[in-house]
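Q: I am sharing input_8.cif, which consists of mmCIF, C-alpha atoms and all ligand atoms:
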data_structure
loop_
_atom_site.label_atom_id
_atom_site.label_comp_id
_atom_site.auth_asym_id
_atom_site.auth_seq_id
_atom_site.Cartn_x
_atom_site.Cartn_y
_atom_site.Cartn_z
CA MET A 306 150.67 136.05 84.42
CA LEU A 307 147.29 137.33 83.30
CA HIS A 308 147.29 139.72 80.37
CA SER A 309 146.12 143.19 81.38
CA LYS A 310 143.25 143.11 78.77
CA VAL A 311 141.89 139.93 80.31
CA LEU A 312 141.19 141.62 83.65
CA LEU A 313 138.10 143.75 83.90
CA PRO A 314 138.31 147.34 85.31
CA ARG A 315 136.66 146.07 88.50
CA THR A 316 139.44 143.53 88.95
CA TRP A 317 142.04 146.29 88.71
CA SER A 318 140.26 148.29 91.40
CA LEU A 319 140.26 145.20 93.62
CA LEU A 320 144.02 144.79 93.11
CA GLY A 321 144.52 148.44 94.04
CA GLY A 322 142.42 147.97 97.16
CA LEU A 323 144.54 144.99 98.15
CA TRP A 324 147.76 147.05 97.91
CA LEU A 325 146.32 149.62 100.30
CA TRP A 326 145.25 146.93 102.80
CA ARG A 327 148.74 145.41 102.71
CA THR A 328 150.10 148.38 104.59
CA ALA A 329 147.18 148.58 107.05
CA PHE A 330 146.81 144.94 108.35
CA SER A 331 149.06 142.31 109.90
CA PRO A 332 150.45 139.50 107.59
CA HIS A 333 148.00 136.83 108.86
CA ILE A 334 144.93 138.97 108.31
CA GLN A 335 146.36 139.98 104.94
CA ILE A 336 146.60 136.33 103.83
CA CYS A 337 142.95 135.65 104.79
CA LEU A 338 141.80 138.74 102.99
CA MET A 339 143.90 137.84 99.95
CA GLN A 340 142.23 134.43 99.78
CA GLN A 341 138.79 136.03 99.89
CA GLN A 342 139.80 138.50 97.20
CA ILE A 343 141.07 135.73 94.93
CA LYS A 344 137.71 133.94 95.29
CA GLY A 345 136.08 137.20 94.27
CA TRP A 346 138.24 137.47 91.13
CA GLN A 347 137.41 133.96 90.13
CA ARG A 348 133.75 134.88 90.26
CA ILE A 349 134.34 137.98 88.17
CA LEU A 350 136.58 136.20 85.66
CA SER A 351 134.15 133.30 85.18
CA THR A 352 131.27 135.39 83.85
CA SER A 353 131.59 133.59 80.49
CA CYS A 354 130.52 130.33 82.20
CA ALA A 355 127.43 132.03 83.60
CA ASN A 356 126.57 133.15 80.08
CA CYS A 357 127.02 129.59 78.80
CA ALA A 358 124.60 128.29 81.44
CA LYS A 359 122.05 130.94 80.46
CA ASN A 360 122.26 129.96 76.79
CA GLN A 361 121.92 126.31 77.68
CA ARG A 362 118.71 126.98 79.57
CA LEU A 363 117.20 128.68 76.56
CA ARG A 364 118.01 125.75 74.26
CA GLN A 365 115.03 123.55 73.32
CA LYS A 366 114.94 119.86 74.23
CA ARG A 367 115.40 117.76 71.08
CA VAL A 368 113.03 114.96 70.12
CA ILE A 369 115.29 111.90 70.25
CA SER A 370 114.55 108.78 68.25
CA GLU A 371 113.37 105.74 70.21
CA LYS A 372 116.60 103.84 69.55
CA LYS A 373 118.61 106.58 71.27
CA LEU A 374 116.30 106.83 74.29
CA THR A 375 118.12 105.07 77.08
CA ARG A 376 115.40 105.41 79.72
CA TYR A 377 112.42 103.20 79.31
CA PHE A 378 110.31 101.04 81.54
CA ILE A 379 111.21 97.42 82.18
CA ASP A 380 108.68 95.15 83.86
CA HIS A 381 110.37 91.80 83.28
CA ARG A 382 113.94 90.68 83.80
CA ARG A 383 115.60 87.28 83.70
CA VAL A 384 118.44 87.24 86.17
CA SER A 385 121.06 84.64 87.00
CA VAL A 386 122.12 84.66 90.66
CA THR A 387 124.97 82.76 92.28
CA GLY A 388 125.82 82.84 95.97
CA GLY A 389 129.41 83.49 97.01
CA HIS A 390 131.83 80.56 97.33
CA GLY A 391 132.74 79.45 100.86
CA GLY A 392 136.34 80.12 101.90
CA GLN A 393 138.93 77.34 102.09
CA GLY A 394 139.76 75.82 105.51
CA ILE A 395 143.45 75.92 106.44
CA ASN A 396 145.88 73.20 107.41
CA SER A 397 148.38 74.59 109.92
CA PHE A 398 150.22 73.61 113.12
CA TYR A 399 151.24 75.88 115.92
CA SER A 400 154.90 76.03 116.68
CA GLU A 401 157.10 78.41 118.65
CA PRO A 402 160.40 78.18 120.51
CA ARG A 403 159.99 75.90 123.51
CA LYS A 404 156.55 74.79 122.19
CA GLU A 405 157.49 73.05 119.02
CA PHE A 406 154.36 70.88 118.64
CA GLY A 407 151.61 73.29 119.60
CA GLY A 408 148.89 71.28 117.84
CA PRO A 409 146.66 72.02 114.87
CA ASP A 410 145.53 75.66 114.54
CA GLY A 411 144.12 75.94 110.99
CA GLY A 412 140.94 78.05 111.03
CA ASN A 413 137.73 77.55 109.05
CA GLY A 414 136.96 79.49 105.88
CA GLY A 415 134.23 82.15 105.90
CA ASP A 416 130.78 81.56 104.41
CA GLY A 417 129.99 82.93 100.95
CA GLY A 418 127.66 85.94 100.80
CA HIS A 419 123.99 85.56 99.84
CA VAL A 420 122.37 87.43 96.97
CA ILE A 421 119.23 89.08 98.38
CA LEU A 422 116.35 90.78 96.59
CA LYS A 423 115.22 93.77 98.66
CA VAL A 424 112.10 95.82 98.01
CA ASP A 425 112.64 99.56 97.75
CA GLN A 426 109.60 101.77 97.23
CA GLN A 427 111.76 104.44 95.57
CA ILE A 428 112.40 102.08 92.67
CA LYS A 429 109.69 101.81 90.02
CA SER A 430 111.20 99.80 87.20
CA LEU A 431 113.46 96.78 86.85
CA ASN A 432 115.85 98.63 84.55
CA LEU A 433 118.54 98.82 87.24
CA VAL A 434 118.52 95.06 87.77
CA LEU A 435 121.47 93.45 85.96
CA PRO A 436 121.27 90.07 84.21
CA LEU A 437 123.92 88.47 86.42
CA TYR A 438 124.76 88.65 90.13
CA ARG A 439 127.42 86.80 92.04
CA GLY A 440 127.76 86.96 95.81
CA PHE A 441 131.05 87.76 97.57
CA ASP A 442 133.27 84.79 98.36
CA GLY A 443 134.16 83.95 101.97
CA GLU A 444 137.81 84.43 102.89
CA LYS A 445 140.03 81.44 103.59
CA GLY A 446 140.87 80.58 107.20
CA GLY A 447 144.19 81.48 108.76
CA SER A 448 146.70 79.98 111.17
CA LYS A 449 146.31 80.59 114.93
CA ASN A 450 142.67 79.44 114.68
CA CYS A 451 141.68 82.49 112.68
CA TYR A 452 138.38 82.10 110.86
CA GLY A 453 138.01 83.64 107.40
CA ALA A 454 135.60 86.55 107.11
CA ASN A 455 132.14 85.80 105.70
CA GLY A 456 131.33 87.24 102.28
CA GLY A 457 129.10 90.34 102.49
CA TYR A 458 125.51 90.19 101.27
CA THR A 459 124.72 91.46 97.79
CA TYR A 460 121.45 93.40 97.77
CA VAL A 461 119.47 93.81 94.57
CA LYS A 462 116.86 96.55 94.83
CA VAL A 463 113.50 95.74 93.25
CA PRO A 464 110.20 97.68 93.14
CA VAL A 465 107.18 96.95 95.34
CA GLY A 466 104.99 94.26 93.73
CA THR A 467 107.78 92.19 92.19
CA LEU A 468 106.96 88.55 91.53
CA VAL A 469 109.89 86.16 91.61
CA LYS A 470 109.40 83.14 89.35
CA GLU A 471 111.51 80.06 88.84
CA ASN A 472 110.69 77.70 85.96
CA GLY A 473 107.32 79.44 85.60
CA LYS A 474 106.35 78.94 89.28
CA THR A 475 105.97 81.94 91.58
CA VAL A 476 108.39 81.50 94.49
CA ALA A 477 108.01 84.92 96.12
CA ASN A 478 105.65 87.88 96.03
CA LEU A 479 107.48 90.94 97.30
CA ALA A 480 104.69 93.32 98.27
CA GLN A 481 106.04 95.39 101.19
CA HIS A 482 108.76 98.01 101.36
CA GLY A 483 111.90 96.55 102.96
CA GLU A 484 110.88 92.92 102.35
CA GLU A 485 113.77 90.62 101.52
CA TYR A 486 114.07 87.35 99.63
CA VAL A 487 117.27 85.31 99.54
CA ALA A 488 117.67 84.59 95.84
CA ALA A 489 120.86 82.55 96.23
CA TYR A 490 122.51 81.29 99.42
CA GLY A 491 126.26 81.56 99.74
CA GLY A 492 128.25 78.33 100.19
CA THR A 493 129.43 77.35 103.68
CA GLY A 494 133.09 77.82 104.46
CA GLY A 495 135.51 74.86 104.54
CA LYS A 496 136.88 73.43 107.81
CA GLY A 497 140.43 73.97 108.98
CA ASN A 498 142.45 71.09 110.49
CA ARG A 499 141.74 72.36 114.03
CA PHE A 500 138.10 71.32 113.46
CA PHE A 501 139.17 67.68 113.07
CA LEU A 502 141.13 67.56 116.34
CA SER A 503 139.92 64.68 118.52
CA ASN A 504 141.24 62.33 121.18
CA GLU A 505 141.83 59.72 118.52
CA ASN A 506 143.58 62.11 116.16
CA ARG A 507 145.78 64.68 117.88
CA ALA A 508 147.44 65.90 114.68
CA PRO A 509 144.84 66.00 111.88
CA VAL A 510 146.09 67.09 108.50
CA THR A 511 142.64 67.25 106.95
CA ASP A 512 141.08 70.48 105.75
CA THR A 513 138.11 70.97 103.46
CA ALA A 514 137.33 73.36 100.66
CA GLY A 515 134.41 75.78 100.89
CA GLU A 516 131.13 74.87 99.17
CA PRO A 517 130.04 76.65 96.02
CA GLY A 518 127.12 79.09 96.33
CA GLN A 519 123.60 78.27 95.19
CA LYS A 520 122.95 78.99 91.51
CA ARG A 521 119.52 79.94 90.17
CA VAL A 522 117.91 81.57 87.17
CA LEU A 523 114.97 83.71 88.24
CA ASP A 524 112.37 85.71 86.36
CA LEU A 525 111.49 89.00 88.03
CA GLU A 526 108.14 90.36 86.95
CA LEU A 527 106.24 93.43 88.05
CA LYS A 528 102.67 92.64 89.10
CA ILE A 529 101.64 96.18 88.23
CA MET A 530 103.52 98.15 85.64
CA ALA A 531 101.25 101.19 85.65
CA HIS A 532 97.69 102.03 86.68
CA ALA A 533 96.54 102.72 83.12
CA GLY A 534 97.77 101.29 79.83
CA LEU A 535 97.43 102.98 76.44
CA VAL A 536 96.37 100.29 73.97
CA GLY A 537 96.16 101.02 70.25
CA PHE A 538 97.33 100.34 66.75
CA PRO A 539 100.65 101.84 65.61
CA ASN A 540 100.37 105.55 64.76
CA ALA A 541 97.14 105.99 66.75
CA GLY A 542 98.87 108.70 68.79
CA LYS A 543 99.53 106.91 72.10
CA SER A 544 102.95 108.45 72.62
CA SER A 545 101.67 111.90 71.66
CA LEU A 546 98.90 111.48 74.23
CA LEU A 547 101.33 110.44 76.98
CA ARG A 548 103.52 113.45 76.18
CA ALA A 549 100.44 115.69 76.39
CA ILE A 550 99.21 114.48 79.80
CA SER A 551 102.48 113.73 81.60
CA ASN A 552 106.16 114.65 81.76
CA ALA A 553 107.24 111.51 79.91
CA LYS A 554 109.00 112.06 76.58
CA PRO A 555 108.50 108.99 74.37
CA ALA A 556 109.52 109.43 70.73
CA VAL A 557 106.76 110.52 68.32
CA ALA A 558 106.98 110.10 64.54
CA PRO A 559 104.56 109.59 61.63
CA TYR A 560 105.53 105.97 60.99
CA PRO A 561 104.39 102.74 62.67
CA PHE A 562 106.33 101.13 65.53
CA THR A 563 108.01 104.33 66.64
CA THR A 564 107.72 103.11 70.22
CA LEU A 565 109.78 99.97 70.75
CA ASN A 566 109.83 99.91 74.56
CA PRO A 567 107.19 100.80 77.12
CA HIS A 568 107.31 104.25 78.73
CA VAL A 569 105.53 105.26 81.91
CA GLY A 570 104.38 108.82 82.60
CA ILE A 571 102.85 110.20 85.79
CA VAL A 572 99.71 112.34 85.80
CA ASN A 573 99.64 114.61 88.86
CA TYR A 574 96.35 115.74 90.39
CA GLN A 575 95.68 118.64 92.73
CA ASP A 576 94.93 116.34 95.67
CA TYR A 577 98.49 114.99 95.29
CA GLU A 578 97.28 111.71 93.85
CA GLN A 579 99.46 110.35 91.08
CA VAL A 580 98.20 108.10 88.31
CA SER A 581 100.75 106.28 86.20
CA VAL A 582 100.03 105.74 82.52
CA ALA A 583 102.02 103.34 80.32
CA ASP A 584 102.62 103.85 76.62
CA VAL A 585 102.86 100.35 75.20
CA PRO A 586 104.19 99.68 71.66
CA GLY A 587 101.51 99.37 68.98
CA ILE A 588 99.50 96.18 68.58
CA ILE A 589 98.58 94.75 65.18
CA ARG A 590 96.27 91.95 64.03
CA GLY A 591 97.85 88.63 64.99
CA ALA A 592 99.84 90.08 67.90
CA HIS A 593 98.71 87.12 70.03
CA LEU A 594 100.52 84.90 67.49
CA ASN A 595 103.67 86.93 68.18
CA ARG A 596 103.28 89.09 65.05
CA GLY A 597 104.57 92.66 65.02
CA LEU A 598 106.31 93.39 68.29
CA GLY A 599 104.39 90.45 69.64
CA LEU A 600 103.51 88.79 72.88
CA THR A 601 105.87 90.71 75.14
CA PHE A 602 103.78 93.81 74.70
CA LEU A 603 100.53 92.06 75.47
CA ARG A 604 102.16 91.05 78.75
CA HIS A 605 102.77 94.72 79.55
CA ILE A 606 99.05 95.36 79.12
CA GLU A 607 98.29 92.48 81.47
CA HIS A 608 100.19 94.43 84.14
CA CYS A 609 97.92 97.49 83.91
CA ARG A 610 94.85 97.88 86.12
CA PHE A 611 92.70 99.73 83.61
CA LEU A 612 92.96 100.34 79.88
CA LEU A 613 92.73 103.35 77.60
CA PHE A 614 91.93 102.14 74.07
CA VAL A 615 93.27 104.74 71.64
CA VAL A 616 91.71 104.72 68.15
CA ASP A 617 92.65 106.96 65.25
CA LEU A 618 89.48 108.80 64.22
CA SER A 619 90.98 109.89 60.89
CA VAL A 620 90.89 106.35 59.45
CA SER A 621 87.65 104.95 58.02
CA GLU A 622 85.63 102.59 60.24
CA PRO A 623 87.66 103.16 63.46
CA TRP A 624 85.43 100.70 65.39
CA ILE A 625 87.12 97.87 63.44
CA GLN A 626 90.38 98.93 65.16
CA LEU A 627 88.66 98.66 68.52
CA GLN A 628 87.24 95.21 67.75
CA ASP A 629 90.66 93.99 66.61
CA LEU A 630 92.37 95.33 69.72
CA LYS A 631 89.86 93.62 72.03
CA TYR A 632 90.13 90.38 70.05
CA GLU A 633 93.93 90.36 70.38
CA LEU A 634 93.76 91.02 74.13
CA ASP A 635 91.21 88.26 74.68
CA GLN A 636 93.22 85.81 72.61
CA TYR A 637 96.23 86.52 74.83
CA GLU A 638 94.29 86.27 78.09
CA GLU A 639 90.57 85.57 78.41
CA GLY A 640 88.74 88.60 79.80
CA LEU A 641 91.70 91.01 79.49
CA SER A 642 89.66 93.40 77.34
CA LYS A 643 86.93 93.45 80.01
CA ARG A 644 89.12 95.29 82.50
CA PRO A 645 87.79 98.77 83.33
CA HIS A 646 88.44 100.83 80.23
CA VAL A 647 87.51 103.83 78.14
CA VAL A 648 87.72 104.45 74.40
CA ILE A 649 89.69 107.50 73.29
CA GLY A 650 89.05 108.87 69.79
CA ASN A 651 92.28 110.66 68.92
CA LYS A 652 93.06 113.14 66.10
CA ILE A 653 89.69 114.92 66.37
CA ASP A 654 91.39 118.01 64.87
CA LEU A 655 91.55 116.35 61.43
CA PRO A 656 88.61 117.14 59.08
CA GLN A 657 87.35 113.58 58.49
CA SER A 658 87.42 112.72 62.22
CA LYS A 659 84.14 114.44 63.23
CA ALA A 660 82.04 112.26 60.91
CA ASN A 661 83.91 109.13 62.00
CA LEU A 662 83.32 110.01 65.66
CA LEU A 663 79.53 109.96 65.17
CA LEU A 664 79.74 106.58 63.43
CA LEU A 665 82.01 105.23 66.17
CA LYS A 666 79.59 106.34 68.91
CA GLU A 667 76.78 104.50 67.10
CA GLN A 668 78.82 101.30 66.89
CA VAL A 669 80.29 101.30 70.39
CA GLU A 670 78.34 101.00 73.65
CA GLN A 671 81.03 102.41 75.95
CA ARG A 672 81.89 106.01 76.49
CA VAL A 673 84.07 107.56 73.77
CA ILE A 674 86.26 110.55 74.63
CA PRO A 675 87.14 112.53 71.49
CA LEU A 676 90.37 114.53 71.81
CA SER A 677 93.45 115.71 70.03
CA ALA A 678 96.82 114.86 71.54
CA LEU A 679 98.42 117.28 69.10
CA THR A 680 96.38 120.40 69.85
CA GLY A 681 95.36 119.44 73.40
CA ASP A 682 91.60 119.65 72.67
CA ASN A 683 89.40 117.99 75.31
CA LEU A 684 92.26 116.53 77.36
CA GLU A 685 90.47 117.62 80.57
CA GLU A 686 87.66 115.12 79.97
CA LEU A 687 90.24 112.33 79.71
CA LEU A 688 92.07 113.49 82.85
CA LEU A 689 88.84 113.59 84.86
CA HIS A 690 87.80 110.16 83.66
CA LEU A 691 91.28 108.81 84.40
CA LYS A 692 90.88 109.96 88.00
CA GLU A 693 87.46 108.26 88.20
CA LEU A 694 88.98 104.99 86.96
CA TYR A 695 91.79 105.35 89.48
CA ASP A 696 89.38 106.00 92.36
CA CYS A 697 87.35 102.91 91.39
CA TYR A 698 90.57 100.86 91.40
CA VAL A 699 91.56 102.16 94.87
CA ASN A 700 88.06 101.42 96.25
CA ALA A 701 88.08 97.92 94.77
CA GLU A 702 91.47 97.19 96.35
CA GLN A 703 90.27 98.53 99.72
CA SER A 704 87.14 96.37 99.60
CA HIS A 705 89.41 93.34 99.10
CA LYS A 706 91.50 94.59 102.05
CA GLN A 707 94.52 95.02 99.81
CA ASN A 708 96.83 98.00 99.45
CA SER A 709 96.49 99.83 96.16
CA VAL A 710 99.77 100.55 94.43
CA LYS A 711 100.76 104.19 94.94
CA TRP A 712 103.21 105.81 92.61
N1 LIG B 801 96.63 115.67 63.57
C1 LIG B 801 96.97 114.96 64.62
N2 LIG B 801 98.06 114.17 64.56
C2 LIG B 801 98.38 113.45 65.65
C3 LIG B 801 97.62 113.49 66.83
N3 LIG B 801 98.20 112.65 67.72
C4 LIG B 801 99.28 112.14 67.14
N4 LIG B 801 99.40 112.61 65.88
C5 LIG B 801 100.46 112.27 64.91
O1 LIG B 801 100.39 110.89 64.61
C6 LIG B 801 101.70 110.38 64.38
C7 LIG B 801 101.95 109.17 65.24
O2 LIG B 801 101.93 109.57 66.60
P1 LIG B 801 102.59 108.69 67.75
O3 LIG B 801 102.26 109.37 69.03
O4 LIG B 801 104.01 108.39 67.46
O5 LIG B 801 101.75 107.36 67.60
P2 LIG B 801 101.91 105.99 68.42
O6 LIG B 801 100.54 105.45 68.63
O7 LIG B 801 102.73 106.21 69.62
O8 LIG B 801 102.68 105.11 67.36
P3 LIG B 801 103.61 103.84 67.64
O9 LIG B 801 104.64 104.24 68.62
O10 LIG B 801 104.20 103.54 66.31
O11 LIG B 801 102.73 102.74 68.14
C8 LIG B 801 102.66 111.53 64.67
O12 LIG B 801 103.05 112.10 63.46
C9 LIG B 801 101.83 112.50 65.48
O13 LIG B 801 102.24 113.83 65.28
C10 LIG B 801 96.47 114.33 66.86
O14 LIG B 801 95.74 114.43 67.83
N5 LIG B 801 96.20 115.03 65.72
MG MG B 802 104.51 105.53 70.17
#
Would you give me this structure, written as structure tokens?
A:
Amino acid sequence: MLHSKVLLPRTWSLLGGLWLWRTAFSPHIQICLMQQQIKGWQRILSTSCANCAKNQRLRQKRVISEKKLTRYFIDHRRVSVTGGHGGQGINSFYSEPRKEFGGPDGGNGGDGGHVILKVDQQIKSLNLVLPLYRGFDGEKGGSKNCYGANGGYTYVKVPVGTLVKENGKTVANLAQHGEEYVAAYGGTGGKGNRFFLSNENRAPVTDTAGEPGQKRVLDLELKIMAHAGLVGFPNAGKSSLLRAISNAKPAVAPYPFTTLNPHVGIVNYQDYEQVSVADVPGIIRGAHLNRGLGLTFLRHIEHCRFLLFVVDLSVSEPWIQLQDLKYELDQYEEGLSKRPHVVIGNKIDLPQSKANLLLLKEQVEQRVIPLSALTGDNLEELLLHLKELYDCYVNAEQSHKQNSVKW
């Protein structure tokens, strides 16, 4: 029973209305109407939930530390794949009243299921790929010549542009949506004793076990992680910049190595083009020798088509940062720093940055875009230049008769 104070005045009026209808309509119609009325009460009585939802909407999104961020971009995965085991063949003889020796009727086992990598253009990162996959086993055969069912295929969805490597050698380049690659074949099913029936042997008692599935360790690697990569020293403001130009929410804090995993944000343009930008953890001197967060992060940069070098204009001699960054990239892979790029001078809002910007422009031949990721000053210039770099990339791919990666 509901307490009378719990019900609102409107609810009471509805109850009164129901009492009047009871006398006017037949029992069946009354029941239908009652049900509708009860739904109505629920709506009235659940106004507190609506208020909760309203308050939740007003609440601000918290800045979560990097260690608590569960969503980040993964462009490399080592995965162990094993095909399903073939089903056991069966040893059986047919027998029924008046047909006592009906002959061998043991069926074959089913084949084990394959593990298949399948390209899905909806998937962008390898974070859904698990470290271990095992195909379904085939079922064992049955009497009366029944074959065991084959194990179903196990599909692993991977993004477009996934390279499959085994012992360092590329074994597959999955470049088209829907393309499939059998990573591990399932084992063939065993034979039942019916299989061994011959003129020489009318009552075979042999049956064989199913074969084990193929076992492989594969490295899945994305050829392109993002169109643009933000390259800079720790604390240069890469994550702040990605937050400013896209919807991505990497952690930002005033200490080095805040970003521990790469994050990818999408910049949307009015012509519906989308440019992806990757925030890569900070690089320090000696990164090519695996110092700091090391070589893994240089590999992320290798998977970007053009680079955005972010330098902190508030430190003295910012061009030294730029030289160090280029040196580290070239030590990792010759010519990596020569990819199409632009230099971004961040933190222009700080007082010492203006003077440093002039010095940087004197030292550096390339274009320097001064901006502030914090206040949003001059972000438009970066966004326009980003689109130019993207258009150049698309044209270059078209001239090589290759499809550019769309996000
Ligand atoms: N004044 C000012 N501060 C900025 C600007 N951009 C970033 N910062 C600050 O610089 C600090 C580091 O910023 P992050 O975006 O975390 O730097 P990061 O390059 O991602 O650093 P790591 O993840 O450690 O590599 C934060 O305290 C930011 O608030 C800017 O344009 N102006
Ligand atoms: Mg960061």
Q: Please identify all protein, DNA and RNA residues within 6 Å of ligand MG 802 (chain B), counting only C-alpha atoms and all ligand atoms, and report them as a PyMOL selection string.
A: chain A and resi 543-544+557+563-564
Q: What's the 12 Å shell around Leu694 (chain A), counting only C-alpha atoms, without same-chain residues fewer than 4 positions away, as a ChimeraX atom specification?
A: /A:532-534,580-582,610-613,644-647,687-690,698-701
Q: Can you write just those residues out, C-alpha atoms, as an mmCIF file, in the coordinates of the input?
A:
data_model
loop_
_atom_site.group_PDB
_atom_site.id
_atom_site.type_symbol
_atom_site.label_atom_id
_atom_site.label_comp_id
_atom_site.auth_asym_id
_atom_site.auth_seq_id
_atom_site.Cartn_x
_atom_site.Cartn_y
_atom_site.Cartn_z
ATOM 1 C CA HIS A 532 97.690 102.030 86.680
ATOM 2 C CA ALA A 533 96.540 102.720 83.120
ATOM 3 C CA GLY A 534 97.770 101.290 79.830
ATOM 4 C CA VAL A 580 98.200 108.100 88.310
ATOM 5 C CA SER A 581 100.750 106.280 86.200
ATOM 6 C CA VAL A 582 100.030 105.740 82.520
ATOM 7 C CA ARG A 610 94.850 97.880 86.120
ATOM 8 C CA PHE A 611 92.700 99.730 83.610
ATOM 9 C CA LEU A 612 92.960 100.340 79.880
ATOM 10 C CA LEU A 613 92.730 103.350 77.600
ATOM 11 C CA ARG A 644 89.120 95.290 82.500
ATOM 12 C CA PRO A 645 87.790 98.770 83.330
ATOM 13 C CA HIS A 646 88.440 100.830 80.230
ATOM 14 C CA VAL A 647 87.510 103.830 78.140
ATOM 15 C CA LEU A 687 90.240 112.330 79.710
ATOM 16 C CA LEU A 688 92.070 113.490 82.850
ATOM 17 C CA LEU A 689 88.840 113.590 84.860
ATOM 18 C CA HIS A 690 87.800 110.160 83.660
ATOM 19 C CA TYR A 698 90.570 100.860 91.400
ATOM 20 C CA VAL A 699 91.560 102.160 94.870
ATOM 21 C CA ASN A 700 88.060 101.420 96.250
ATOM 22 C CA ALA A 701 88.080 97.920 94.770
#
Q: Write out as a ChimeraX atom specification each polymer residue whose atoms come within 7 Å of region 437-450 of chain A, counting only C-alpha atoms; drop sequence neighbours fewer than 4 positions from it.
A: /A:384-395,397,399,410-420,454-459,491,494,497
Q: Please, could you write that set of residues out with C-alpha atoms as a PDB file, in the frame of the given file?
A:
ATOM      1  CA  VAL A 384     118.440  87.240  86.170  1.00  0.00           C
ATOM      2  CA  SER A 385     121.060  84.640  87.000  1.00  0.00           C
ATOM      3  CA  VAL A 386     122.120  84.660  90.660  1.00  0.00           C
ATOM      4  CA  THR A 387     124.970  82.760  92.280  1.00  0.00           C
ATOM      5  CA  GLY A 388     125.820  82.840  95.970  1.00  0.00           C
ATOM      6  CA  GLY A 389     129.410  83.490  97.010  1.00  0.00           C
ATOM      7  CA  HIS A 390     131.830  80.560  97.330  1.00  0.00           C
ATOM      8  CA  GLY A 391     132.740  79.450 100.860  1.00  0.00           C
ATOM      9  CA  GLY A 392     136.340  80.120 101.900  1.00  0.00           C
ATOM     10  CA  GLN A 393     138.930  77.340 102.090  1.00  0.00           C
ATOM     11  CA  GLY A 394     139.760  75.820 105.510  1.00  0.00           C
ATOM     12  CA  ILE A 395     143.450  75.920 106.440  1.00  0.00           C
ATOM     13  CA  SER A 397     148.380  74.590 109.920  1.00  0.00           C
ATOM     14  CA  TYR A 399     151.240  75.880 115.920  1.00  0.00           C
ATOM     15  CA  ASP A 410     145.530  75.660 114.540  1.00  0.00           C
ATOM     16  CA  GLY A 411     144.120  75.940 110.990  1.00  0.00           C
ATOM     17  CA  GLY A 412     140.940  78.050 111.030  1.00  0.00           C
ATOM     18  CA  ASN A 413     137.730  77.550 109.050  1.00  0.00           C
ATOM     19  CA  GLY A 414     136.960  79.490 105.880  1.00  0.00           C
ATOM     20  CA  GLY A 415     134.230  82.150 105.900  1.00  0.00           C
ATOM     21  CA  ASP A 416     130.780  81.560 104.410  1.00  0.00           C
ATOM     22  CA  GLY A 417     129.990  82.930 100.950  1.00  0.00           C
ATOM     23  CA  GLY A 418     127.660  85.940 100.800  1.00  0.00           C
ATOM     24  CA  HIS A 419     123.990  85.560  99.840  1.00  0.00           C
ATOM     25  CA  VAL A 420     122.370  87.430  96.970  1.00  0.00           C
ATOM     26  CA  ALA A 454     135.600  86.550 107.110  1.00  0.00           C
ATOM     27  CA  ASN A 455     132.140  85.800 105.700  1.00  0.00           C
ATOM     28  CA  GLY A 456     131.330  87.240 102.280  1.00  0.00           C
ATOM     29  CA  GLY A 457     129.100  90.340 102.490  1.00  0.00           C
ATOM     30  CA  TYR A 458     125.510  90.190 101.270  1.00  0.00           C
ATOM     31  CA  THR A 459     124.720  91.460  97.790  1.00  0.00           C
ATOM     32  CA  GLY A 491     126.260  81.560  99.740  1.00  0.00           C
ATOM     33  CA  GLY A 494     133.090  77.820 104.460  1.00  0.00           C
ATOM     34  CA  GLY A 497     140.430  73.970 108.980  1.00  0.00           C
TER      35      GLY A 497
END
Q: At what distance in Å, to one decimal, does CA of Asn573 (chain A) lie from CA of Ser551 (chain A)?
A: 7.8 Å
Q: In Å, how far is it from CA of Val461 (chain A) to CA of Ile428 (chain A)?
A: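 Straight-line distance from CA of Val461 (chain A) to CA of Ile428 (chain A) works out to 11.0 Å.
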Q: Which residues are close to Gly466 (chain A), i.e. within 7 Å by only C-alpha atoms, leaving aside same-chain residues fewer than 2 positions away? Reply as number ranges by chain.
A: A: 464, 468, 478-480, 527-529
Q: Quick one: residues within 8 Å of Leu627 (chain A), all atoms listed in the file counted, chain neighbours fewer than 3 positions away excluded, as a list of chain:residue names?
A: A:Phe614, A:Val616, A:Pro623, A:Trp624, A:Leu630, A:Lys631
Q: Restricting the calculation to all atoms listed in the file, which member of A:His568, A:Lys423, A:Arg521, A:Lys692 is positioned closest to Glu471 (chain A)?
A: A:Arg521
Q: Let me know the centre plus edge lengths, in Å and rounded to one decimal, of a box with edges along x, y and z that contains all listed atoms of ligand LIG 801 (chain B) and is padded by 5 Å on every side, as lines of an AutoDock Vina configuration file.
A:
center_x = 100.2
center_y = 109.2
center_z = 66.5
size_x = 18.9
size_y = 22.9
size_z = 16.2
Q: I'd like to know which of A:Ile674, A:Ile571, A:Leu546, A:Leu435 is closest to ligand LIG 801 (chain B), using only C-alpha atoms and all ligand atoms.
A: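 When distances to ligand LIG 801 (chain B) are compared using only C-alpha atoms and all ligand atoms, the smallest one comes from A:Leu546.
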Q: Neighbouring residues of ligand LIG 801 (chain B) are defined here as those with any atom at most 8 Å from a ligand atom, counting all atoms listed in the file; list them as a PyMOL selection string.
A: chain A and resi 537-546+555-565+584-588+615+651-655+676-681
Q: I'd like the neighbourhood of Arg382 (chain A) as number ranges by chain, where a residue qualifies if any of its atoms comes within 9 Å (using all atoms listed in the file), though same-chain residues fewer than 3 positions away should be ignored.
A: A: 379, 431-432, 434-436, 523-526
